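Okay, work.cif is below, mmCIF, C-alpha atoms:
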data_protein
loop_
_atom_site.label_atom_id
_atom_site.label_comp_id
_atom_site.auth_asym_id
_atom_site.auth_seq_id
_atom_site.Cartn_x
_atom_site.Cartn_y
_atom_site.Cartn_z
CA MET A 84 0.00 0.00 0.00
CA LYS A 85 1.37 3.37 -1.03
CA SER A 86 0.29 6.88 -0.19
CA MET A 87 -0.33 9.36 -2.98
CA THR A 88 1.46 12.05 -1.00
CA GLY A 89 5.21 11.95 -0.87
CA PHE A 90 8.52 13.70 -1.26
CA GLY A 91 11.84 12.63 -2.74
CA LYS A 92 15.06 14.51 -3.26
CA SER A 93 18.43 13.86 -4.82
CA GLU A 94 21.51 15.98 -5.24
CA LEU A 95 24.46 14.85 -7.29
CA GLU A 96 27.65 16.53 -8.45
CA PHE A 97 29.70 15.42 -11.44
CA GLU A 98 32.97 17.24 -12.01
CA GLU A 99 31.73 20.84 -11.87
CA ARG A 100 28.06 20.19 -12.71
CA LEU A 101 25.53 20.14 -9.87
CA TYR A 102 22.05 18.61 -10.14
CA ASN A 103 19.33 18.96 -7.52
CA ILE A 104 15.95 17.29 -8.09
CA GLU A 105 12.93 17.39 -5.78
CA ILE A 106 9.70 15.46 -6.36
CA LYS A 107 6.55 16.02 -4.34
CA SER A 108 3.01 14.80 -4.77
CA VAL A 109 -0.46 15.27 -3.40
CA ASN A 110 -3.66 13.31 -3.91
CA SER A 111 -5.25 13.44 -7.33
CA ARG A 112 -7.48 11.13 -9.30
CA TYR A 113 -5.16 11.15 -12.32
CA CYS A 114 -1.43 11.20 -12.89
CA ASP A 115 -0.58 14.87 -13.45
CA ILE A 116 3.16 15.54 -13.73
CA ASN A 117 4.40 19.13 -13.74
CA VAL A 118 8.12 19.76 -14.31
CA LYS A 119 9.95 22.98 -13.47
CA ILE A 120 13.30 22.77 -15.23
CA PRO A 121 16.01 25.24 -16.28
CA ARG A 122 15.76 26.34 -19.88
CA CYS A 123 19.08 24.75 -20.81
CA LEU A 124 17.67 21.32 -19.87
CA SER A 125 14.11 21.83 -21.09
CA PHE A 126 14.45 19.35 -23.93
CA TYR A 127 14.71 16.57 -21.28
CA GLU A 128 11.26 17.33 -19.85
CA ASN A 129 9.55 14.43 -21.64
CA GLU A 130 12.19 11.96 -20.46
CA ILE A 131 11.63 13.14 -16.88
CA LYS A 132 7.86 12.72 -17.19
CA LYS A 133 8.23 9.23 -18.69
CA ALA A 134 10.61 8.10 -15.93
CA ILE A 135 8.21 9.27 -13.24
CA ALA A 136 5.14 7.82 -14.98
CA LEU A 137 6.84 4.39 -14.98
CA ASN A 138 6.90 4.50 -11.16
CA VAL A 139 3.74 6.43 -10.28
CA SER A 140 0.20 5.91 -11.53
CA ARG A 141 -1.76 8.58 -9.63
CA GLY A 142 -1.28 11.94 -7.96
CA LYS A 143 -0.46 15.53 -8.76
CA ILE A 144 3.31 15.42 -8.99
CA ASP A 145 5.60 18.45 -9.04
CA VAL A 146 9.20 18.02 -10.10
CA PHE A 147 11.76 20.76 -9.49
CA VAL A 148 15.12 20.53 -11.25
CA ASP A 149 18.02 22.85 -10.41
CA TYR A 150 21.20 22.70 -12.44
CA SER A 151 24.49 24.57 -12.16
CA ASN A 152 27.35 24.13 -14.60
CA TYR A 153 30.70 25.59 -13.62
CA THR A 154 32.71 23.93 -16.37
CA SER A 155 33.93 25.72 -19.47
CA GLU A 156 34.21 22.67 -21.74
CA GLY A 157 32.09 22.60 -24.84
CA LYS A 158 30.49 25.99 -24.29
CA ASN A 159 30.12 28.65 -26.94
CA VAL A 160 28.64 32.09 -26.42
CA ILE A 161 26.37 33.04 -29.29
CA ILE A 162 25.34 36.65 -29.80
CA ASN A 163 21.96 37.10 -31.45
CA LYS A 164 22.99 40.20 -33.43
CA GLU A 165 19.65 40.63 -35.19
CA LEU A 166 17.76 40.65 -31.90
CA ALA A 167 20.30 43.08 -30.40
CA LYS A 168 19.74 45.45 -33.36
CA ILE A 169 15.99 45.32 -32.78
CA TYR A 170 16.47 46.17 -29.09
CA ILE A 171 18.79 49.08 -30.00
CA LYS A 172 16.36 50.43 -32.60
CA GLN A 173 13.39 50.20 -30.24
CA LEU A 174 15.28 51.80 -27.35
CA LYS A 175 16.49 54.67 -29.56
CA GLU A 176 12.94 55.28 -30.79
CA LEU A 177 11.68 55.29 -27.21
CA ALA A 178 14.39 57.74 -26.14
CA GLU A 179 13.59 60.00 -29.09
CA ASN A 180 9.84 59.94 -28.43
CA GLU A 181 10.27 60.63 -24.73
CA GLY A 182 13.03 63.22 -25.14
CA ILE A 183 15.57 61.37 -23.01
CA ASN A 184 19.24 60.60 -23.51
CA ASN A 185 19.72 57.76 -25.99
CA ASP A 186 23.21 56.65 -24.94
CA ILE A 187 22.95 52.90 -25.15
CA ASN A 188 25.67 50.87 -23.51
CA ILE A 189 26.57 47.51 -25.06
CA THR A 190 26.50 45.82 -21.66
CA GLU A 191 22.88 46.90 -21.23
CA ILE A 192 21.97 45.36 -24.60
CA ALA A 193 23.77 42.15 -23.64
CA LYS A 194 21.48 41.89 -20.57
CA MET A 195 18.35 41.87 -22.71
CA PRO A 196 16.53 38.52 -22.98
CA ASP A 197 18.00 36.07 -25.51
CA VAL A 198 20.75 38.40 -26.83
CA LEU A 199 23.48 36.21 -25.34
CA GLN A 200 22.98 32.47 -25.51
CA LEU A 201 25.18 29.72 -24.20
CA LYS A 202 25.33 26.72 -26.51
CA SER A 203 26.81 23.39 -25.60
CA ASN A 204 28.05 20.75 -27.99
CA GLU A 205 26.14 17.51 -28.65
CA GLN A 206 28.68 15.41 -26.79
CA GLU A 207 27.97 17.37 -23.62
CA ASP A 208 24.22 16.86 -24.20
CA ASP A 209 24.71 13.09 -23.94
CA ILE A 210 26.67 13.51 -20.71
CA LEU A 211 24.00 15.81 -19.27
CA LEU A 212 21.22 13.31 -20.01
CA LYS A 213 23.18 10.50 -18.37
CA GLU A 214 23.95 12.56 -15.26
CA LEU A 215 20.45 14.01 -15.04
CA SER A 216 18.95 10.51 -15.34
CA GLN A 217 21.15 9.24 -12.53
CA CYS A 218 20.05 12.06 -10.23
CA LEU A 219 16.40 11.66 -11.28
CA ASN A 220 16.43 7.91 -10.63
CA LYS A 221 17.74 8.50 -7.10
CA ALA A 222 15.06 11.14 -6.46
CA ILE A 223 12.35 8.77 -7.76
CA GLU A 224 13.72 5.98 -5.56
CA ASN A 225 13.55 8.26 -2.49
CA PHE A 226 10.07 9.46 -3.50
CA VAL A 227 8.66 5.95 -3.94
CA ALA A 228 10.24 4.82 -0.64
CA MET A 229 8.59 7.69 1.23
CA ARG A 230 5.21 6.88 -0.35
CA LYS A 231 5.58 3.26 0.79
CA ILE A 232 6.42 4.34 4.35
CA GLU A 233 3.44 6.70 4.39
CA GLY A 234 1.23 3.94 2.93
CA GLU A 235 2.26 1.54 5.69
CA LYS A 236 1.34 4.14 8.33
CA ILE A 237 -2.06 4.60 6.71
CA LYS A 238 -2.52 0.82 6.57
CA GLU A 239 -1.69 0.46 10.28
CA ASP A 240 -4.13 3.23 11.15
CA LEU A 241 -6.89 1.66 9.04
CA LEU A 242 -6.32 -1.77 10.61
CA LYS A 243 -6.55 -0.28 14.12
CA ARG A 244 -9.80 1.44 13.19
CA ILE A 245 -11.21 -1.76 11.67
CA ASN A 246 -10.31 -3.69 14.84
CA ASN A 247 -11.99 -1.03 16.98
CA ILE A 248 -15.13 -1.23 14.83
CA ASN A 249 -15.10 -5.06 15.05
CA ASP A 250 -14.73 -4.87 18.84
CA LYS A 251 -17.69 -2.46 19.04
CA VAL A 252 -19.78 -4.72 16.77
CA LEU A 253 -19.06 -7.69 19.03
CA GLU A 254 -19.91 -5.58 22.08
CA ILE A 255 -23.23 -4.53 20.51
#
Would you kindly transcribe this structure into structure tokens?
Amino acid sequence: MKSMTGFGKSELEFEERLYNIEIKSVNSRYCDINVKIPRCLSFYENEIKKAIALNVSRGKIDVFVDYSNYTSEGKNVIINKELAKIYIKQLKELAENEGINNDINITEIAKMPDVLQLKSNEQEDDILLKELSQCLNKAIENFVAMRKIEGEKIKEDLLKRINNINDKVLEI
């Protein structure tokens, strides 16, 4: 007997990459899996959902993935020049229309969404999936174990209540 509520966590570090995964669930009639994942790992969302669905059939399940990469291997900084030009043009127009100073600093443009992008090579993608899967499997293992423990507590409580009812029936 397993409870539908539960919590599981795993934190693993490989070289200079840190993964932290938390899984929590509450009662629900269906299996509803919601994954919060960093953008750089978002293409693994379906794999995460599939791995959890193999172990859980019901409940509203929230998965939180944190990832930090302190390595420099395989990373390339890509500047989206076309998008930067659009930002510059729009900011200059705004400054002109509002009569304010239109000195635009390149560092300010670099802070705009999606101007700078960090790309990793495909070889690193394979490594990330392997490491992420290892951390996810440990979190799922901890999550399922907690649900079993909680289920056993519920079972014990139900059995005590059934025995009390049976005793009262015999008394009546």
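If you count all atoms listed in the file and ignore residues fewer than 3 places along the chain from Lys164 in chain A, what sits within 12 Å of it is Ile161, Ala167, Lys168, Ile169, Tyr170, Ile171, Ile189, Ile192, Ala193, Met195, Asp197, Val198, Leu199 and Gln200 of chain A.
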For the residues in that selection, give me C-alpha atoms as a PDB file, in the coordinates of the input.
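Once written, again.pdb looks like this:
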ATOM      1  CA  ILE A 161      26.370  33.040 -29.290  1.00  0.00           C
ATOM      2  CA  ALA A 167      20.300  43.080 -30.400  1.00  0.00           C
ATOM      3  CA  LYS A 168      19.740  45.450 -33.360  1.00  0.00           C
ATOM      4  CA  ILE A 169      15.990  45.320 -32.780  1.00  0.00           C
ATOM      5  CA  TYR A 170      16.470  46.170 -29.090  1.00  0.00           C
ATOM      6  CA  ILE A 171      18.790  49.080 -30.000  1.00  0.00           C
ATOM      7  CA  ILE A 189      26.570  47.510 -25.060  1.00  0.00           C
ATOM      8  CA  ILE A 192      21.970  45.360 -24.600  1.00  0.00           C
ATOM      9  CA  ALA A 193      23.770  42.150 -23.640  1.00  0.00           C
ATOM     10  CA  MET A 195      18.350  41.870 -22.710  1.00  0.00           C
ATOM     11  CA  ASP A 197      18.000  36.070 -25.510  1.00  0.00           C
ATOM     12  CA  VAL A 198      20.750  38.400 -26.830  1.00  0.00           C
ATOM     13  CA  LEU A 199      23.480  36.210 -25.340  1.00  0.00           C
ATOM     14  CA  GLN A 200      22.980  32.470 -25.510  1.00  0.00           C
TER      15      GLN A 200
END
Inset, instruction - Can you give me, as a ChimeraX atom specification, the residues this file yields under the PyMOL selection byres ((chain A and resi 130-138) around 9)? - result: /A:114,116-118,126-129,139-141,144,146,216,219-220,223-224,227
Inset, instruction - Fewer than 6 positions away in the same chain doesn't count, so skip those; otherwise give me all residues within 10 Å of range 122-124 of chain A, counting all atoms listed in the file, as a ChimeraX atom specification. - result: /A:148-150,200-203,208,211-212,215
Which polymer residues have any atom within 9 Å of an atom of Ile232 in chain A, counting all atoms listed in the file, with same-chain residues fewer than 5 positions away left out, as a PDB file with C-alpha atoms, in the coordinates of the input?
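Saved as result_24.pdb:
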ATOM      1  CA  MET A  84       0.000   0.000   0.000  1.00  0.00           C
ATOM      2  CA  LYS A  85       1.370   3.370  -1.030  1.00  0.00           C
ATOM      3  CA  SER A  86       0.290   6.880  -0.190  1.00  0.00           C
ATOM      4  CA  VAL A 227       8.660   5.950  -3.940  1.00  0.00           C
ATOM      5  CA  ILE A 237      -2.060   4.600   6.710  1.00  0.00           C
TER       6      ILE A 237
END
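One finds CA of Asp115 in chain A at 26.8 Å from CA of Leu241 in chain A.
Pairwise distance (CA of Glu214 in chain A, CA of Leu95 in chain A) equals 8.3 Å.
Each of A:Asn152, A:Asn246, A:Thr190, A:Asn225 was checked against Ile106 in chain A using only C-alpha atoms; the smallest atom-to-atom distance is that of A:Asn225.
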Could you pull range 95-130 of chain A out of the block above and give me N, CA and C atoms, as a JSON list (two decimals), in the first residue's frame?
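Output contents, as saved in selection_36.json:
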[["chain", "number", "residue", "atom", "x", "y", "z"],
["A", 95, "LEU", "N", 23.24, 15.49, -6.83],
["A", 95, "LEU", "CA", 24.46, 14.85, -7.29],
["A", 95, "LEU", "C", 25.37, 15.87, -7.96],
["A", 96, "GLU", "N", 26.67, 15.65, -7.81],
["A", 96, "GLU", "CA", 27.65, 16.53, -8.45],
["A", 96, "GLU", "C", 28.60, 15.67, -9.28],
["A", 97, "PHE", "N", 28.78, 16.09, -10.52],
["A", 97, "PHE", "CA", 29.70, 15.42, -11.44],
["A", 97, "PHE", "C", 30.67, 16.48, -11.94],
["A", 98, "GLU", "N", 31.95, 16.26, -11.66],
["A", 98, "GLU", "CA", 32.97, 17.24, -12.01],
["A", 98, "GLU", "C", 32.51, 18.60, -11.48],
["A", 99, "GLU", "N", 32.17, 19.52, -12.34],
["A", 99, "GLU", "CA", 31.73, 20.84, -11.87],
["A", 99, "GLU", "C", 30.28, 21.12, -12.27],
["A", 100, "ARG", "N", 29.48, 20.05, -12.41],
["A", 100, "ARG", "CA", 28.06, 20.19, -12.71],
["A", 100, "ARG", "C", 27.27, 19.68, -11.51],
["A", 101, "LEU", "N", 26.31, 20.48, -11.05],
["A", 101, "LEU", "CA", 25.53, 20.14, -9.87],
["A", 101, "LEU", "C", 24.06, 20.01, -10.25],
["A", 102, "TYR", "N", 23.46, 18.88, -9.87],
["A", 102, "TYR", "CA", 22.05, 18.61, -10.14],
["A", 102, "TYR", "C", 21.33, 18.48, -8.80],
["A", 103, "ASN", "N", 20.16, 19.07, -8.71],
["A", 103, "ASN", "CA", 19.33, 18.96, -7.52],
["A", 103, "ASN", "C", 17.90, 18.75, -8.00],
["A", 104, "ILE", "N", 17.30, 17.62, -7.64],
["A", 104, "ILE", "CA", 15.95, 17.29, -8.09],
["A", 104, "ILE", "C", 15.08, 17.00, -6.87],
["A", 105, "GLU", "N", 13.91, 17.64, -6.83],
["A", 105, "GLU", "CA", 12.93, 17.39, -5.78],
["A", 105, "GLU", "C", 11.62, 16.97, -6.44],
["A", 106, "ILE", "N", 10.99, 15.95, -5.86],
["A", 106, "ILE", "CA", 9.70, 15.46, -6.36],
["A", 106, "ILE", "C", 8.74, 15.47, -5.18],
["A", 107, "LYS", "N", 7.56, 16.06, -5.39],
["A", 107, "LYS", "CA", 6.55, 16.02, -4.34],
["A", 107, "LYS", "C", 5.20, 15.74, -4.98],
["A", 108, "SER", "N", 4.33, 15.11, -4.22],
["A", 108, "SER", "CA", 3.01, 14.80, -4.77],
["A", 108, "SER", "C", 1.93, 14.96, -3.73],
["A", 109, "VAL", "N", 0.74, 15.22, -4.22],
["A", 109, "VAL", "CA", -0.46, 15.27, -3.40],
["A", 109, "VAL", "C", -1.53, 14.42, -4.09],
["A", 110, "ASN", "N", -2.60, 14.15, -3.37],
["A", 110, "ASN", "CA", -3.66, 13.31, -3.91],
["A", 110, "ASN", "C", -4.28, 13.91, -5.16],
["A", 111, "SER", "N", -4.54, 13.05, -6.11],
["A", 111, "SER", "CA", -5.25, 13.44, -7.33],
["A", 111, "SER", "C", -5.76, 12.17, -7.99],
["A", 112, "ARG", "N", -6.86, 12.29, -8.66],
["A", 112, "ARG", "CA", -7.48, 11.13, -9.30],
["A", 112, "ARG", "C", -6.63, 10.61, -10.46],
["A", 113, "TYR", "N", -5.94, 11.51, -11.14],
["A", 113, "TYR", "CA", -5.16, 11.15, -12.32],
["A", 113, "TYR", "C", -3.68, 11.33, -12.04],
["A", 114, "CYS", "N", -2.88, 10.98, -12.99],
["A", 114, "CYS", "CA", -1.43, 11.20, -12.89],
["A", 114, "CYS", "C", -1.12, 12.50, -13.64],
["A", 115, "ASP", "N", -0.85, 13.54, -12.89],
["A", 115, "ASP", "CA", -0.58, 14.87, -13.45],
["A", 115, "ASP", "C", 0.84, 15.27, -13.05],
["A", 116, "ILE", "N", 1.75, 15.26, -14.01],
["A", 116, "ILE", "CA", 3.16, 15.54, -13.73],
["A", 116, "ILE", "C", 3.52, 16.91, -14.27],
["A", 117, "ASN", "N", 4.01, 17.78, -13.38],
["A", 117, "ASN", "CA", 4.40, 19.13, -13.74],
["A", 117, "ASN", "C", 5.90, 19.28, -13.44],
["A", 118, "VAL", "N", 6.67, 19.68, -14.46],
["A", 118, "VAL", "CA", 8.12, 19.76, -14.31],
["A", 118, "VAL", "C", 8.58, 21.21, -14.43],
["A", 119, "LYS", "N", 9.30, 21.68, -13.43],
["A", 119, "LYS", "CA", 9.95, 22.98, -13.47],
["A", 119, "LYS", "C", 11.44, 22.70, -13.69],
["A", 120, "ILE", "N", 11.94, 23.15, -14.84],
["A", 120, "ILE", "CA", 13.30, 22.77, -15.23],
["A", 120, "ILE", "C", 13.99, 23.97, -15.86],
["A", 121, "PRO", "N", 15.29, 24.13, -15.64],
["A", 121, "PRO", "CA", 16.01, 25.24, -16.28],
["A", 121, "PRO", "C", 15.91, 25.14, -17.80],
["A", 122, "ARG", "N", 15.92, 26.28, -18.43],
["A", 122, "ARG", "CA", 15.76, 26.34, -19.88],
["A", 122, "ARG", "C", 16.80, 25.51, -20.63],
["A", 123, "CYS", "N", 18.01, 25.49, -20.12],
["A", 123, "CYS", "CA", 19.08, 24.75, -20.81],
["A", 123, "CYS", "C", 18.87, 23.24, -20.79],
["A", 124, "LEU", "N", 17.97, 22.76, -19.94],
["A", 124, "LEU", "CA", 17.67, 21.32, -19.87],
["A", 124, "LEU", "C", 16.25, 21.01, -20.32],
["A", 125, "SER", "N", 15.53, 22.00, -20.81],
["A", 125, "SER", "CA", 14.11, 21.83, -21.09],
["A", 125, "SER", "C", 13.79, 20.72, -22.08],
["A", 126, "PHE", "N", 14.72, 20.40, -22.96],
["A", 126, "PHE", "CA", 14.45, 19.35, -23.93],
["A", 126, "PHE", "C", 14.46, 17.96, -23.30],
["A", 127, "TYR", "N", 14.77, 17.84, -22.00],
["A", 127, "TYR", "CA", 14.71, 16.57, -21.28],
["A", 127, "TYR", "C", 13.40, 16.40, -20.52],
["A", 128, "GLU", "N", 12.50, 17.36, -20.63],
["A", 128, "GLU", "CA", 11.26, 17.33, -19.85],
["A", 128, "GLU", "C", 10.46, 16.05, -20.10],
["A", 129, "ASN", "N", 10.32, 15.64, -21.34],
["A", 129, "ASN", "CA", 9.55, 14.43, -21.64],
["A", 129, "ASN", "C", 10.19, 13.18, -21.03],
["A", 130, "GLU", "N", 11.51, 13.10, -21.05],
["A", 130, "GLU", "CA", 12.19, 11.96, -20.46],
["A", 130, "GLU", "C", 11.93, 11.90, -18.95]]
